[in-house]
>>> print(open('target02.cif').read())   # mmCIF, C-alpha atoms
data_input
loop_
_atom_site.label_atom_id
_atom_site.label_comp_id
_atom_site.auth_asym_id
_atom_site.auth_seq_id
_atom_site.Cartn_x
_atom_site.Cartn_y
_atom_site.Cartn_z
CA MET F 1 0.00 0.00 0.00
CA PHE F 2 2.75 2.43 0.94
CA GLY F 3 5.51 3.64 -1.30
CA SER F 4 8.05 3.60 1.55
CA SER F 5 8.15 2.89 5.27
CA TRP F 6 10.38 3.40 8.31
CA TRP F 7 10.78 1.43 11.53
CA LEU F 8 10.95 3.53 14.66
CA TYR F 9 12.10 2.40 18.06
CA GLY F 10 10.09 4.37 20.57
CA ARG F 11 10.83 4.86 24.23
CA GLY F 12 9.05 7.08 26.71
CA THR F 13 9.73 10.57 27.85
CA HIS F 14 12.28 9.42 30.36
CA GLY F 15 14.20 7.45 27.78
CA TYR F 16 14.85 8.35 24.19
CA ALA F 17 13.35 7.88 20.75
CA ALA F 18 15.28 7.05 17.63
CA ALA F 19 13.97 6.97 14.09
CA MET F 20 15.87 5.86 11.01
CA VAL F 21 14.51 7.78 8.07
CA SER F 22 16.38 8.04 4.76
CA GLY F 23 19.58 7.03 6.55
CA ARG F 24 19.31 9.69 9.27
CA THR F 25 18.88 9.23 13.01
CA PHE F 26 16.71 11.44 15.15
CA GLY F 27 17.40 11.15 18.87
CA ARG F 28 16.73 12.66 22.26
CA ARG F 29 18.85 12.56 25.40
CA PRO F 30 17.46 10.85 28.50
CA GLN F 31 15.81 12.96 31.16
CA ARG F 32 15.67 12.51 34.88
CA CYS F 33 12.54 11.30 36.62
CA ALA F 34 11.18 11.35 40.16
CA ALA F 35 12.20 8.62 42.56
CA VAL F 36 9.21 6.52 43.56
CA LYS F 37 6.37 7.00 41.12
CA THR F 38 8.35 6.45 37.93
CA GLN F 39 7.29 7.74 34.58
CA ALA F 40 9.74 5.55 32.73
CA ALA F 41 8.29 4.29 29.48
CA THR F 42 8.00 0.71 28.36
CA ARG F 43 9.59 -0.27 25.10
CA ALA F 44 7.69 -0.42 21.85
CA LEU F 45 8.47 -1.23 18.25
CA VAL F 46 6.14 0.64 15.99
CA LEU F 47 5.81 1.07 12.25
CA LEU F 48 5.44 4.51 10.84
CA GLY F 49 4.12 4.01 7.33
CA LEU F 50 4.59 6.85 4.92
CA ALA F 51 3.21 6.82 1.38
CA ALA F 52 3.93 9.40 -1.28
CA PHE F 53 0.99 11.00 -3.03
CA GLY F 54 1.19 11.30 -6.80
CA VAL F 55 3.65 9.82 -9.29
CA GLY F 56 7.07 10.62 -10.67
CA PRO F 57 10.64 10.04 -9.54
CA VAL F 58 11.28 9.49 -5.82
CA LEU F 59 13.06 12.52 -4.39
CA ALA F 60 14.86 12.93 -1.08
CA ASP F 61 12.44 13.76 1.70
CA PRO F 62 12.77 17.35 2.99
CA LEU F 63 12.16 16.28 6.58
CA HIS F 64 12.43 13.33 8.94
CA PHE F 65 10.41 11.95 11.84
CA GLY F 66 10.70 10.88 15.46
CA LEU F 67 8.03 9.07 17.47
CA VAL F 68 7.72 8.55 21.22
CA ALA F 69 5.12 5.81 20.96
CA ARG F 70 4.80 4.21 24.38
CA VAL F 71 4.68 6.28 27.56
CA SER F 72 3.24 6.23 31.05
CA THR F 73 0.55 8.64 32.23
CA PRO F 74 0.43 11.58 32.56
CA ASP F 75 2.85 11.85 29.63
CA LYS F 76 1.57 11.76 26.06
CA PRO F 77 3.02 10.16 22.92
CA VAL F 78 4.74 12.69 20.68
CA LEU F 79 5.25 12.81 16.92
CA THR F 80 8.11 15.12 15.90
CA VAL F 81 8.92 16.40 12.41
CA THR F 82 12.39 17.87 11.85
CA ALA F 83 13.09 19.98 8.77
CA ASP F 84 16.13 19.07 6.67
CA GLU F 85 15.62 22.06 4.38
CA PRO F 86 13.46 25.19 4.45
CA LEU F 87 9.75 24.29 4.70
CA GLN F 88 6.58 26.33 4.37
CA ASN F 89 3.04 25.59 5.51
CA LEU F 90 3.94 22.38 7.34
CA SER F 91 0.90 20.49 8.63
CA ILE F 92 0.45 17.32 10.70
CA ALA F 93 -3.13 16.03 10.86
CA MET F 94 -3.94 12.73 12.62
CA GLU F 95 -7.15 10.84 13.44
CA PRO F 96 -7.71 7.85 15.74
CA GLN F 97 -8.91 4.70 13.97
CA PRO F 98 -10.28 1.36 15.23
CA GLN F 99 -7.72 -1.25 16.24
CA ASP F 100 -6.89 -4.17 13.96
CA ASP F 101 -9.28 -6.36 15.96
CA GLY F 102 -12.08 -3.82 15.56
CA SER F 103 -11.95 -2.49 19.11
CA PRO F 104 -12.02 1.29 19.52
CA SER F 105 -8.84 3.26 20.14
CA ALA F 106 -8.35 4.90 23.53
CA GLU F 107 -8.27 8.34 21.93
CA THR F 108 -11.25 9.59 19.89
CA ALA F 109 -10.56 13.20 18.85
CA PRO F 110 -8.60 14.23 15.72
CA LEU F 111 -5.46 16.35 16.18
CA LYS F 112 -3.69 18.90 14.02
CA THR F 113 -0.73 21.25 14.28
CA THR F 114 0.86 23.59 11.74
CA ALA F 115 3.91 25.78 11.21
CA LYS F 116 4.10 28.53 8.62
CA LYS F 117 7.88 28.20 8.27
CA LEU F 118 10.58 25.87 9.51
CA GLY F 119 14.29 26.25 8.90
CA PRO F 120 16.74 23.34 8.66
CA GLY F 121 17.00 21.62 12.04
CA GLN F 122 13.83 23.19 13.42
CA LYS F 123 11.10 20.91 14.76
CA LEU F 124 7.33 20.72 14.88
CA GLN F 125 5.84 18.50 17.57
CA LEU F 126 2.35 17.08 17.96
CA LYS F 127 1.36 15.62 21.31
CA LEU F 128 -0.90 12.72 20.53
CA GLY F 129 -4.13 12.63 22.52
CA THR F 130 -5.11 13.48 26.05
CA GLY F 131 -2.91 11.03 27.92
CA LYS F 132 -5.76 8.56 28.39
CA ALA F 133 -4.48 5.07 29.17
CA GLY F 134 -4.80 2.58 26.33
CA ALA F 135 -3.69 1.86 22.76
CA THR F 136 -4.54 4.08 19.80
CA HIS F 137 -4.13 3.50 16.06
CA TRP F 138 -3.44 6.76 14.22
CA GLN F 139 -3.81 7.62 10.55
CA GLY F 140 -3.26 10.96 8.91
CA VAL F 141 -1.31 13.14 6.55
CA ILE F 142 1.89 15.16 6.85
CA SER F 143 2.30 17.87 4.20
CA CYS F 144 4.40 20.93 3.42
CA GLN F 145 5.87 23.11 0.68
CA ALA F 146 9.54 22.37 -0.04
CA GLY F 147 11.58 23.79 -2.87
CA GLY F 148 8.47 25.34 -4.33
CA LYS F 149 6.68 21.98 -4.59
CA LEU F 150 3.96 20.27 -2.55
CA TRP F 151 5.18 17.32 -0.46
CA LYS F 152 2.71 14.91 1.19
CA ARG F 153 2.94 11.63 3.04
CA GLU F 154 0.39 9.40 4.71
CA ALA F 155 1.25 8.47 8.31
CA ASN F 156 0.06 5.26 9.97
CA PHE F 157 1.26 4.17 13.42
CA ASP F 158 0.23 2.99 16.90
CA THR F 159 0.73 4.45 20.35
CA ASP F 160 0.25 3.00 23.81
CA VAL F 161 -0.26 4.95 27.03
CA ARG F 162 0.09 2.95 30.23
CA LYS F 163 -0.55 3.64 33.86
CA PRO F 164 2.76 4.28 35.64
CA LEU F 165 4.41 1.48 37.52
CA ASP F 166 4.86 2.57 41.13
CA ILE F 167 8.04 1.30 42.77
CA THR F 168 8.32 1.48 46.55
CA PHE F 169 11.48 1.00 48.59
CA ASP F 170 12.46 1.41 52.23
CA PRO F 171 14.10 4.86 52.55
CA ASN F 172 16.07 3.56 55.54
CA PHE F 173 19.05 2.06 53.76
CA HIS F 174 20.10 0.35 57.00
CA SER F 175 16.95 -1.76 57.10
CA GLN F 176 16.38 -5.44 56.41
CA HIS F 177 15.41 -4.58 52.82
CA LEU F 178 18.91 -3.62 51.71
CA ASP F 179 22.26 -5.24 52.40
CA ILE F 180 25.17 -4.11 50.25
CA TYR F 181 27.43 -6.76 51.84
CA LYS F 182 25.04 -9.61 51.03
CA HIS F 183 24.32 -8.02 47.65
CA PHE F 184 20.56 -7.59 47.58
CA VAL F 185 17.86 -4.93 47.71
CA GLU F 186 14.09 -5.36 48.08
CA VAL F 187 11.35 -3.26 46.47
CA GLN F 188 7.58 -3.38 45.99
CA LEU F 189 5.59 -2.91 42.76
CA SER F 190 2.08 -1.63 42.19
CA GLU F 191 1.38 -4.46 39.69
CA PRO F 192 2.09 -8.21 39.56
CA ALA F 193 5.86 -8.63 39.17
CA ASP F 194 7.60 -10.08 36.13
CA ARG F 195 11.35 -9.46 36.33
CA ALA F 196 14.08 -7.02 37.34
CA THR F 197 17.63 -6.06 36.47
CA ILE F 198 20.18 -4.19 38.55
CA ASP F 199 23.59 -2.56 37.98
CA VAL F 200 25.75 -1.51 40.92
CA TYR F 201 28.27 1.35 40.78
CA ALA F 202 30.95 2.44 43.23
CA ASP F 203 31.56 6.02 44.27
CA ASP F 204 34.55 6.21 41.90
CA GLY F 205 32.25 5.40 38.98
CA THR F 206 33.38 1.80 38.44
CA LYS F 207 30.78 -0.89 37.94
CA MET F 208 30.85 -3.25 40.91
CA GLY F 209 28.23 -5.78 39.88
CA SER F 210 24.99 -6.61 38.13
CA GLY F 211 22.11 -9.05 38.39
CA GLN F 212 18.73 -10.09 37.10
CA VAL F 213 15.83 -12.04 38.52
CA THR F 214 12.55 -13.43 37.22
CA PHE F 215 9.43 -13.30 39.38
CA SER F 216 6.24 -15.36 39.28
CA GLY F 217 3.58 -12.67 39.23
CA GLU F 218 3.89 -11.82 42.93
CA ALA F 219 1.02 -9.61 44.08
CA PRO F 220 1.37 -5.83 44.38
CA GLY F 221 2.94 -4.82 47.68
CA THR F 222 5.07 -7.97 47.98
CA TRP F 223 8.69 -7.35 48.90
CA LEU F 224 10.72 -8.50 45.90
CA ARG F 225 14.38 -9.36 46.37
CA VAL F 226 16.73 -8.24 43.60
CA PRO F 227 20.24 -9.71 44.05
CA TRP F 228 23.47 -8.91 42.28
CA ARG F 229 26.83 -10.53 41.75
CA GLY F 230 30.15 -8.74 41.66
CA SER F 231 33.20 -7.57 43.51
CA ASP F 232 33.37 -5.22 46.45
CA GLY F 233 35.33 -2.76 44.30
CA PRO F 234 38.53 -0.90 45.26
CA THR F 235 39.34 -0.83 48.94
CA ASP F 236 38.79 2.95 49.15
CA SER F 237 35.41 2.98 47.38
CA VAL F 238 31.94 1.84 48.39
CA VAL F 239 28.56 1.30 46.75
CA LEU F 240 27.12 4.58 45.54
CA ARG F 241 24.28 3.77 43.15
CA LEU F 242 21.89 0.89 42.50
CA ALA F 243 20.40 1.33 39.01
CA MET F 244 17.27 -0.82 38.78
CA LYS F 245 14.82 -1.63 36.00
CA LEU F 246 11.61 -3.42 37.02
CA TYR F 247 8.96 -5.00 34.83
CA ALA F 248 5.35 -5.92 35.57
CA LYS F 249 3.39 -8.80 34.04
CA GLY F 250 1.09 -6.36 32.26
CA GLY F 251 3.94 -4.83 30.30
CA SER F 252 4.61 -1.72 32.38
CA ASP F 253 8.11 -1.02 33.58
CA GLY F 254 9.94 1.57 35.60
CA SER F 255 13.47 2.59 36.52
CA ILE F 256 14.80 3.88 39.82
CA ASP F 257 18.20 4.76 41.21
CA LEU F 258 18.94 4.18 44.88
CA TYR F 259 21.89 5.84 46.61
CA PRO F 260 22.76 3.92 49.80
CA TRP F 261 26.16 5.61 49.96
CA ALA F 262 27.67 6.03 53.41
CA VAL F 263 31.36 6.20 54.35
CA SER F 264 32.80 6.07 57.85
CA VAL F 265 35.88 8.31 57.74
CA PRO F 266 38.93 6.81 59.47
CA HIS F 267 40.70 9.33 61.68
CA GLU F 268 42.93 9.81 64.68
CA GLU F 269 40.88 10.53 67.77
CA VAL F 270 41.00 13.99 69.27
CA GLN F 271 41.77 13.80 72.98
CA ILE F 272 39.22 15.80 74.95
CA ALA F 273 39.42 16.20 78.70
CA SER F 274 36.69 14.62 80.78
CA ALA F 275 33.65 16.91 81.26
CA SER F 276 34.99 19.31 78.63
CA ILE F 277 33.95 20.30 75.11
CA GLU F 278 37.11 22.25 74.31
CA VAL F 279 39.50 21.00 71.65
CA ALA F 280 43.04 21.87 72.66
CA ASP F 281 45.27 23.69 70.15
CA THR F 282 47.63 20.70 70.17
CA GLU F 283 44.77 18.46 68.97
CA ARG F 284 43.54 20.60 66.10
CA SER F 285 46.02 19.18 63.59
CA LYS F 286 44.13 15.89 63.99
CA LEU F 287 40.89 17.62 63.01
CA ASP F 288 42.64 19.25 60.03
CA GLU F 289 43.82 15.83 58.83
CA SER F 290 40.32 14.40 59.29
CA LEU F 291 38.88 17.26 57.25
CA ARG F 292 41.41 16.57 54.49
CA LYS F 293 40.26 12.94 54.32
CA ILE F 294 36.59 14.02 54.32
CA ASN F 295 37.17 16.40 51.41
CA THR F 296 39.08 13.75 49.45
CA ILE F 297 36.14 11.37 49.69
CA LEU F 298 33.67 14.14 48.85
CA ASN F 299 35.62 15.16 45.75
CA ARG F 300 35.57 11.57 44.53
CA VAL F 301 31.83 11.06 44.92
CA GLU F 302 30.97 14.49 43.52
CA ARG F 303 33.00 13.79 40.37
CA THR F 304 31.18 10.50 39.93
CA LEU F 305 27.72 12.03 40.42
CA LEU F 306 28.59 14.74 37.89
CA GLN F 307 29.70 12.10 35.39
CA PHE F 308 26.42 10.24 35.80
CA ALA F 309 24.48 13.45 35.19
CA GLU F 310 26.55 14.44 32.15
CA GLN F 311 26.08 10.98 30.63
CA GLY F 312 22.33 11.26 31.19
CA ILE F 313 22.12 7.76 32.65
CA VAL F 314 20.45 8.53 35.97
CA THR F 315 16.70 8.38 36.43
CA THR F 316 16.66 9.78 39.95
CA ALA F 317 18.50 12.95 40.94
CA PRO F 318 20.66 11.99 43.93
CA PRO F 319 20.60 13.99 47.16
CA SER F 320 23.70 15.98 48.13
CA PRO F 321 26.42 14.49 50.36
CA LYS F 322 26.29 15.47 54.02
CA LEU F 323 28.56 15.07 57.03
CA TYR F 324 27.28 13.48 60.25
CA VAL F 325 29.34 13.98 63.43
CA THR F 326 28.56 11.73 66.40
CA GLY F 327 29.91 12.48 69.86
CA HIS F 328 30.56 9.99 72.69
CA THR F 329 31.68 10.21 76.33
CA ASP F 330 33.13 7.92 78.95
CA SER F 331 30.93 6.56 81.75
CA VAL F 332 31.78 9.22 84.29
CA GLY F 333 28.71 11.23 85.33
CA ALA F 334 24.97 10.98 84.86
CA ASP F 335 23.52 9.65 81.62
CA SER F 336 21.59 12.85 80.88
CA ASP F 337 24.66 15.01 81.48
CA ASN F 338 26.75 12.84 79.19
CA LEU F 339 24.15 13.06 76.44
CA THR F 340 24.39 16.87 76.56
CA LEU F 341 28.19 16.79 76.83
CA SER F 342 28.64 14.47 73.85
CA LYS F 343 26.23 16.52 71.73
CA ASN F 344 28.14 19.69 72.52
CA ARG F 345 31.44 18.00 71.68
CA ALA F 346 30.05 16.89 68.31
CA LYS F 347 28.76 20.40 67.70
CA ALA F 348 32.15 21.91 68.56
CA ILE F 349 33.90 19.66 66.05
CA ALA F 350 31.26 20.41 63.40
CA ALA F 351 31.72 24.13 64.02
CA TYR F 352 35.49 23.75 63.65
CA PHE F 353 35.06 22.04 60.27
CA ARG F 354 32.71 24.80 59.16
CA LYS F 355 35.17 27.48 60.27
CA GLN F 356 37.84 25.75 58.19
CA GLY F 357 35.66 26.13 55.10
CA PHE F 358 33.76 22.85 54.90
CA ARG F 359 30.92 23.59 52.45
CA MET F 360 28.47 20.69 52.81
CA PRO F 361 25.61 20.44 55.34
CA ILE F 362 26.75 19.17 58.75
CA PHE F 363 24.59 17.36 61.30
CA TYR F 364 25.59 16.37 64.83
CA LEU F 365 24.32 14.04 67.53
CA GLY F 366 25.51 12.92 70.96
CA TYR F 367 25.13 9.40 72.37
CA GLY F 368 26.79 10.07 75.70
CA GLU F 369 27.94 6.83 77.30
CA ARG F 370 25.38 4.67 75.46
CA GLN F 371 27.82 3.38 72.82
CA LEU F 372 31.04 2.74 74.71
CA ARG F 373 33.98 1.64 72.55
CA ALA F 374 35.78 0.21 75.58
CA LYS F 375 33.27 -1.56 77.79
CA THR F 376 33.79 -0.27 81.31
CA ALA F 377 31.93 -0.11 84.57
CA ASP F 378 30.06 3.04 85.49
CA ASN F 379 32.06 6.15 86.43
CA VAL F 380 35.27 4.97 84.74
CA ASP F 381 37.42 7.68 83.13
CA ASP F 382 38.60 6.03 79.89
CA ALA F 383 39.86 8.30 77.10
CA ARG F 384 39.02 5.68 74.46
CA ASN F 385 35.34 6.41 75.01
CA ARG F 386 35.70 10.18 74.61
CA ARG F 387 35.58 10.25 70.85
CA ALA F 388 33.73 11.37 67.75
CA ASP F 389 32.70 9.49 64.61
CA TYR F 390 32.52 11.07 61.14
CA THR F 391 30.17 9.67 58.54
CA LEU F 392 29.61 10.95 55.00
CA ALA F 393 26.26 9.93 53.50
CA LEU F 394 23.58 10.99 51.05
CA GLU F 395 20.80 10.02 53.47
CA ALA F 396 20.91 10.40 57.26
CA PRO F 397 22.12 7.32 59.14
CA PRO F 398 19.42 6.07 61.51
CA ALA F 399 19.64 7.74 64.90
CA GLN F 400 19.55 5.37 67.88
CA HIS F 401 17.99 5.58 71.35
CA GLY F 402 15.19 7.91 70.24
CA LEU F 403 17.60 10.77 69.49
CA THR F 404 17.57 13.01 66.41
CA TRP F 405 20.19 14.67 64.23
CA GLN F 406 20.55 18.43 64.58
CA LYS F 407 21.81 20.65 61.76
CA LEU F 408 24.68 23.02 62.43
#
>>> encode(input="target02.cif", output="structure tokens")
Amino acid sequence: MFGSSWWLYGRGTHGYAAAMVSGRTFGRRPQRCAAVKTQAATRALVLLGLAAFGVGPVLADPLHFGLVARVSTPDKPVLTVTADEPLQNLSIAMEPQPQDDGSPSAETAPLKTTAKKLGPGQKLQLKLGTGKAGATHWQGVISCQAGGKLWKREANFDTDVRKPLDITFDPNFHSQHLDIYKHFVEVQLSEPADRATIDVYADDGTKMGSGQVTFSGEAPGTWLRVPWRGSDGPTDSVVLRLAMKLYAKGGSDGSIDLYPWAVSVPHEEVQIASASIEVADTERSKLDESLRKINTILNRVERTLLQFAEQGIVTTAPPSPKLYVTGHTDSVGADSDNLTLSKNRAKAIAAYFRKQGFRMPIFYLGYGERQLRAKTADNVDDARNRRADYTLALEAPPAQHGLTWQKL
């Protein structure tokens, strides 16, 4: 029926679309999406049929096409025309038609868009329909004036709008649903589960592992374990990003990125006198060295996050790194007094880092004598227990004993 035709590989608005037309490729860079309720599109292979009107020699087309055919609500499929030469009076007119099996299309209203002029490289886009879930078969005509002559083609293709696949995960990365040492993470889907893939990246950008798993249609809300295989990476790097793709039995899919990155910074302990929050001048070089190590780790992870963003491969914008300072005391004194003392010590160290130019958010917390490093009896003056811990993380480590992090 048609004089010529093109195959288009369509992916949703959070992926990319590519169309091969007359030897040219039309593409679109990936975009980021929100974390939990993903708008990632499912894959589709669609046929865009184009037939020339009239007779005569076949000339090079003055434009080419891109189609985003399968998306998740509330996004809409998009047909894009890109001019390869100057065009006048460009028009795209499409109408929904019954499906091949005779069932009605999801969309019912005809659509049209026009442009009086388009220069080479300029685009005209037509959003197809209202975003109503379901499949639609479209037929129509694309026409324009090019080189002083009328150019027309008949367009014939299918689109599919699906309800988004909701992916739920436990935001507490220290919970039973994620273990980076045992190499698994658990998520929940809003539809019966089909399969999942996962790629694991370290904070220096290296790939640490990957995995895939097939499910048996587990009901929505079921915790689904997604394992991976791989190395633990370089000794000075840790897991930064879990890039997951999940598929439902009904054909929907979604992508999420999880960032369970947390690094405990090794350091030489600052000696603080009992019942004091003052850091002696002789001890400050230790804090300076700790800050140097903190900044080295931060520079590494920030470079990696920037690389991910520049490559356009992330679906979830990661949170910013933060520093968490935890203070501890020995067992001398009352529990309530030690809680206050340790919090003030942590705050003093955090304030010192800030004064030295540390730019990231800092949070502090005091555990008093509740997490003794050296187990002692009550009222024992042991310098090993008067300490601070430094943790870099994208999400706050869980606070213990009903306490909460405070921001400097």
>>> residues_around(input="target02.cif", residues="His177 (chain F)", least_positions_apart="2", cutoff="6 Å", atoms="only C-alpha atoms", output="list in words")
Ser175, Val185 and Glu186 of chain F
>>> residues_around(input="target02.cif", residues="region 389-399 of chain F", least_positions_apart="5", cutoff="9 Å", atoms="only C-alpha atoms", output="ChimeraX atom specification")
/F:171-174,259-267,269,290,294,297-298,318-328,346,363,365,404-405
>>> resolve_selection(input="target02.cif", expression="the PyMOL selection byres ((chain F and resi 376-384) around 9)", output="PyMOL selection string")
chain F and resi 269+271-274+329-334+372-375+385-387
>>> resolve_selection(input="target02.cif", expression="the PyMOL selection byres ((chain F and resi 200-212) around 7)", output="PDB file with C-alpha atoms, keeping the file's coordinate frame")
ATOM      1  CA  ALA F 196      14.080  -7.020  37.340  1.00  0.00           C
ATOM      2  CA  THR F 197      17.630  -6.060  36.470  1.00  0.00           C
ATOM      3  CA  ILE F 198      20.180  -4.190  38.550  1.00  0.00           C
ATOM      4  CA  ASP F 199      23.590  -2.560  37.980  1.00  0.00           C
ATOM      5  CA  VAL F 213      15.830 -12.040  38.520  1.00  0.00           C
ATOM      6  CA  PRO F 227      20.240  -9.710  44.050  1.00  0.00           C
ATOM      7  CA  TRP F 228      23.470  -8.910  42.280  1.00  0.00           C
ATOM      8  CA  ARG F 229      26.830 -10.530  41.750  1.00  0.00           C
ATOM      9  CA  GLY F 230      30.150  -8.740  41.660  1.00  0.00           C
ATOM     10  CA  SER F 231      33.200  -7.570  43.510  1.00  0.00           C
ATOM     11  CA  ASP F 232      33.370  -5.220  46.450  1.00  0.00           C
ATOM     12  CA  GLY F 233      35.330  -2.760  44.300  1.00  0.00           C
ATOM     13  CA  SER F 237      35.410   2.980  47.380  1.00  0.00           C
ATOM     14  CA  VAL F 238      31.940   1.840  48.390  1.00  0.00           C
ATOM     15  CA  VAL F 239      28.560   1.300  46.750  1.00  0.00           C
ATOM     16  CA  LEU F 240      27.120   4.580  45.540  1.00  0.00           C
ATOM     17  CA  ARG F 241      24.280   3.770  43.150  1.00  0.00           C
ATOM     18  CA  LEU F 242      21.890   0.890  42.500  1.00  0.00           C
ATOM     19  CA  ALA F 243      20.400   1.330  39.010  1.00  0.00           C
ATOM     20  CA  ARG F 300      35.570  11.570  44.530  1.00  0.00           C
ATOM     21  CA  VAL F 301      31.830  11.060  44.920  1.00  0.00           C
ATOM     22  CA  THR F 304      31.180  10.500  39.930  1.00  0.00           C
TER      23      THR F 304
END
>>> atom_distance(input="target02.cif", atom1="CA of Val141 (chain F)", atom2="CA of Lys116 (chain F)")
16.4 Å
>>> build_atoms(input="target02.cif", residues="region 272-290 of chain F", atoms="N, CA and C atoms", output="PDB file, in the frame of the given file")
ATOM      1  N   ILE F 272      39.979  14.751  74.279  1.00  0.00           N
ATOM      2  CA  ILE F 272      39.220  15.800  74.950  1.00  0.00           C
ATOM      3  C   ILE F 272      39.138  15.459  76.434  1.00  0.00           C
ATOM      4  N   ALA F 273      39.426  16.441  77.262  1.00  0.00           N
ATOM      5  CA  ALA F 273      39.420  16.200  78.700  1.00  0.00           C
ATOM      6  C   ALA F 273      38.020  15.812  79.163  1.00  0.00           C
ATOM      7  N   SER F 274      37.972  15.032  80.223  1.00  0.00           N
ATOM      8  CA  SER F 274      36.690  14.620  80.780  1.00  0.00           C
ATOM      9  C   SER F 274      35.894  15.844  81.211  1.00  0.00           C
ATOM     10  N   ALA F 275      34.586  15.825  80.914  1.00  0.00           N
ATOM     11  CA  ALA F 275      33.650  16.910  81.260  1.00  0.00           C
ATOM     12  C   ALA F 275      33.942  18.195  80.510  1.00  0.00           C
ATOM     13  N   SER F 276      34.659  18.107  79.391  1.00  0.00           N
ATOM     14  CA  SER F 276      34.990  19.310  78.630  1.00  0.00           C
ATOM     15  C   SER F 276      34.525  19.151  77.178  1.00  0.00           C
ATOM     16  N   ILE F 277      34.268  20.313  76.545  1.00  0.00           N
ATOM     17  CA  ILE F 277      33.950  20.300  75.110  1.00  0.00           C
ATOM     18  C   ILE F 277      35.024  21.023  74.311  1.00  0.00           C
ATOM     19  N   GLU F 278      36.068  21.486  74.981  1.00  0.00           N
ATOM     20  CA  GLU F 278      37.110  22.250  74.310  1.00  0.00           C
ATOM     21  C   GLU F 278      38.096  21.322  73.610  1.00  0.00           C
ATOM     22  N   VAL F 279      38.459  21.701  72.388  1.00  0.00           N
ATOM     23  CA  VAL F 279      39.500  21.000  71.650  1.00  0.00           C
ATOM     24  C   VAL F 279      40.793  21.794  71.802  1.00  0.00           C
ATOM     25  N   ALA F 280      41.776  21.173  72.408  1.00  0.00           N
ATOM     26  CA  ALA F 280      43.040  21.870  72.660  1.00  0.00           C
ATOM     27  C   ALA F 280      43.732  22.193  71.342  1.00  0.00           C
ATOM     28  N   ASP F 281      44.540  23.295  71.359  1.00  0.00           N
ATOM     29  CA  ASP F 281      45.270  23.690  70.150  1.00  0.00           C
ATOM     30  C   ASP F 281      46.166  22.566  69.648  1.00  0.00           C
ATOM     31  N   THR F 282      46.727  21.800  70.563  1.00  0.00           N
ATOM     32  CA  THR F 282      47.630  20.700  70.170  1.00  0.00           C
ATOM     33  C   THR F 282      46.886  19.573  69.469  1.00  0.00           C
ATOM     34  N   GLU F 283      45.561  19.535  69.578  1.00  0.00           N
ATOM     35  CA  GLU F 283      44.770  18.460  68.970  1.00  0.00           C
ATOM     36  C   GLU F 283      44.157  18.865  67.623  1.00  0.00           C
ATOM     37  N   ARG F 284      44.262  20.140  67.281  1.00  0.00           N
ATOM     38  CA  ARG F 284      43.540  20.600  66.100  1.00  0.00           C
ATOM     39  C   ARG F 284      44.136  20.090  64.795  1.00  0.00           C
ATOM     40  N   SER F 285      45.416  19.750  64.806  1.00  0.00           N
ATOM     41  CA  SER F 285      46.020  19.180  63.590  1.00  0.00           C
ATOM     42  C   SER F 285      45.342  17.858  63.232  1.00  0.00           C
ATOM     43  N   LYS F 286      44.854  17.142  64.252  1.00  0.00           N
ATOM     44  CA  LYS F 286      44.130  15.890  63.990  1.00  0.00           C
ATOM     45  C   LYS F 286      42.817  16.179  63.260  1.00  0.00           C
ATOM     46  N   LEU F 287      42.131  17.241  63.693  1.00  0.00           N
ATOM     47  CA  LEU F 287      40.890  17.620  63.010  1.00  0.00           C
ATOM     48  C   LEU F 287      41.178  18.075  61.582  1.00  0.00           C
ATOM     49  N   ASP F 288      42.287  18.805  61.387  1.00  0.00           N
ATOM     50  CA  ASP F 288      42.640  19.250  60.030  1.00  0.00           C
ATOM     51  C   ASP F 288      42.885  18.047  59.110  1.00  0.00           C
ATOM     52  N   GLU F 289      43.567  17.022  59.632  1.00  0.00           N
ATOM     53  CA  GLU F 289      43.820  15.830  58.830  1.00  0.00           C
ATOM     54  C   GLU F 289      42.520  15.086  58.541  1.00  0.00           C
ATOM     55  N   SER F 290      41.612  15.036  59.523  1.00  0.00           N
ATOM     56  CA  SER F 290      40.320  14.400  59.290  1.00  0.00           C
ATOM     57  C   SER F 290      39.541  15.138  58.210  1.00  0.00           C
TER      58      SER F 290
END
